[in-house]
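> For reference, the file entry_10.txt (compact mmCIF, C-alpha atoms) is included below:
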```txt
# COMPACT_ATOMS: atom_id res chain seq x y z
CA MET A 122 97.92 136.07 51.44
CA SER A 123 100.65 134.02 49.80
CA PRO A 124 100.33 130.24 49.48
CA PRO A 125 102.38 128.19 51.95
CA ASP A 126 105.78 127.26 50.64
CA ARG A 127 107.32 123.79 50.44
CA LYS A 128 109.40 124.15 53.64
CA GLU A 129 106.38 125.15 55.71
CA ALA A 130 104.43 122.17 54.38
CA GLU A 131 107.30 119.84 55.26
CA VAL A 132 107.55 121.25 58.77
CA ARG A 133 103.81 120.80 59.26
CA ARG A 134 104.07 117.20 58.05
CA LEU A 135 106.96 116.48 60.44
CA VAL A 136 105.10 117.98 63.39
CA GLN A 137 102.00 115.91 62.63
CA GLN A 138 104.02 112.70 62.30
CA ARG A 139 105.80 113.16 65.58
CA THR A 140 104.71 110.77 68.30
CA ALA A 141 104.49 111.62 71.96
CA GLU A 142 107.51 110.60 74.00
CA PRO A 143 106.86 108.25 76.90
CA VAL A 144 106.63 109.86 80.32
CA PRO A 145 108.20 108.11 83.33
CA ALA A 146 105.62 106.60 85.67
CA ASP A 147 107.11 108.27 88.76
CA LEU A 148 107.38 111.74 87.22
CA ALA A 149 104.67 113.24 89.45
CA GLU A 150 106.23 111.86 92.64
CA ARG A 151 109.68 113.12 91.65
CA ALA A 152 108.30 116.57 90.82
CA LEU A 153 106.46 116.69 94.14
CA ALA A 154 109.60 115.71 96.05
CA GLU A 155 111.70 118.28 94.17
CA GLY A 156 109.14 121.01 94.85
CA ALA A 157 109.01 120.14 98.55
CA ARG A 158 112.82 120.21 98.74
CA LEU A 159 112.98 123.60 97.03
CA LEU A 160 110.29 124.95 99.36
CA ARG A 161 112.23 123.74 102.43
CA ARG A 162 115.39 125.38 101.09
CA ARG A 163 113.59 128.66 100.44
CA ARG A 164 112.06 128.68 103.91
CA ALA A 165 115.40 127.87 105.55
CA LEU A 166 117.12 130.63 103.59
CA GLY A 167 114.40 133.11 104.55
CA ALA A 168 114.67 132.13 108.20
CA ALA A 169 118.45 132.49 108.10
CA LEU A 170 118.22 135.92 106.48
CA TRP A 171 115.64 137.15 108.99
CA THR A 172 117.78 135.80 111.85
CA GLY A 173 120.77 137.70 110.46
CA VAL A 174 118.79 140.92 110.12
CA LEU A 175 117.43 140.65 113.65
CA ALA A 176 120.90 139.86 115.05
CA GLY A 177 122.28 142.91 113.25
CA LEU A 178 119.55 145.14 114.65
CA LEU A 179 120.16 143.77 118.14
CA ALA A 180 123.91 144.42 117.81
CA LEU A 181 123.20 147.97 116.61
CA ALA A 182 120.88 148.61 119.55
CA VAL A 183 123.42 147.31 122.09
CA TRP A 184 126.20 149.37 120.49
CA ALA A 185 124.04 152.50 120.58
CA LEU A 186 123.05 151.96 124.21
CA VAL A 187 126.63 151.34 125.35
CA LEU A 188 128.51 154.06 123.45
CA HIS A 189 125.85 156.80 123.13
CA PRO A 190 126.96 157.88 119.64
CA TRP A 191 124.46 160.74 119.62
CA SER A 192 126.19 162.65 122.45
CA ALA A 193 128.84 165.19 121.50
CA PRO A 194 132.43 164.34 122.42
CA PRO A 195 134.07 166.53 125.07
CA PRO A 196 135.92 169.51 123.64
CA THR A 197 139.70 169.11 123.51
CA THR A 198 140.74 172.45 122.04
CA THR A 199 141.72 174.13 125.33
CA PRO A 200 143.20 172.64 128.47
CA PRO A 201 141.06 172.66 131.57
CA ALA A 202 141.42 175.75 133.76
CA VAL A 203 142.96 174.37 136.95
CA GLY A 204 144.22 176.52 139.81
CA TRP A 205 142.49 179.83 139.08
```
How does this structure look as structure tokens?

Amino acid sequence: MSPPDRKEAEVRRLVQQRTAEPVPADLAERALAEGARLLRRRRALGAALWTGVLAGLLALAVWALVLHPWSAPPPTTTPPAVGW
């Protein structure tokens, strides 16, 4: 293993000399409020997305019940035989 070089020793010295920065007294309250706000936003977005999905499914069901897209259209290749 090689001995530590001068730059590494200087970095270690700077890290050890560094003092802790002061933390605001209301940091916990602000973090709690921010977390609660984000949680409310996430829940509102989820509720809006689920409402949109359910509205889309309801619209699809109504469309399918009204138009019957699974039934074959009437043939239009020959005219009806009238007067035979």
> Give me the box for range 146-155 of chain A as AutoDock Vina command-line options, namely the centre and edge lengths in Å to one decimal of a box along x, y and z that holds every listed atom plus 5 Å on each side.

```
--center_x 108.2 --center_y 112.4 --center_z 90.9 --size_x 17.0 --size_y 21.7 --size_z 20.4
```
> What's the separation between CA of Pro145 in chain A and CA of Val132 in chain A, in Å to one decimal place?
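Separation of CA of Pro145 in chain A and CA of Val132 in chain A: 27.9 Å.
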> Go ahead and compute the interatomic distance for CA of Pro190 in chain A and CA of Trp171 in chain A, in Å to one decimal.
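It comes out at 25.9 Å.
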> What does the distance from CA of Ala176 in chain A to CA of Arg161 in chain A come to in Å, to one decimal?
22.2 Å
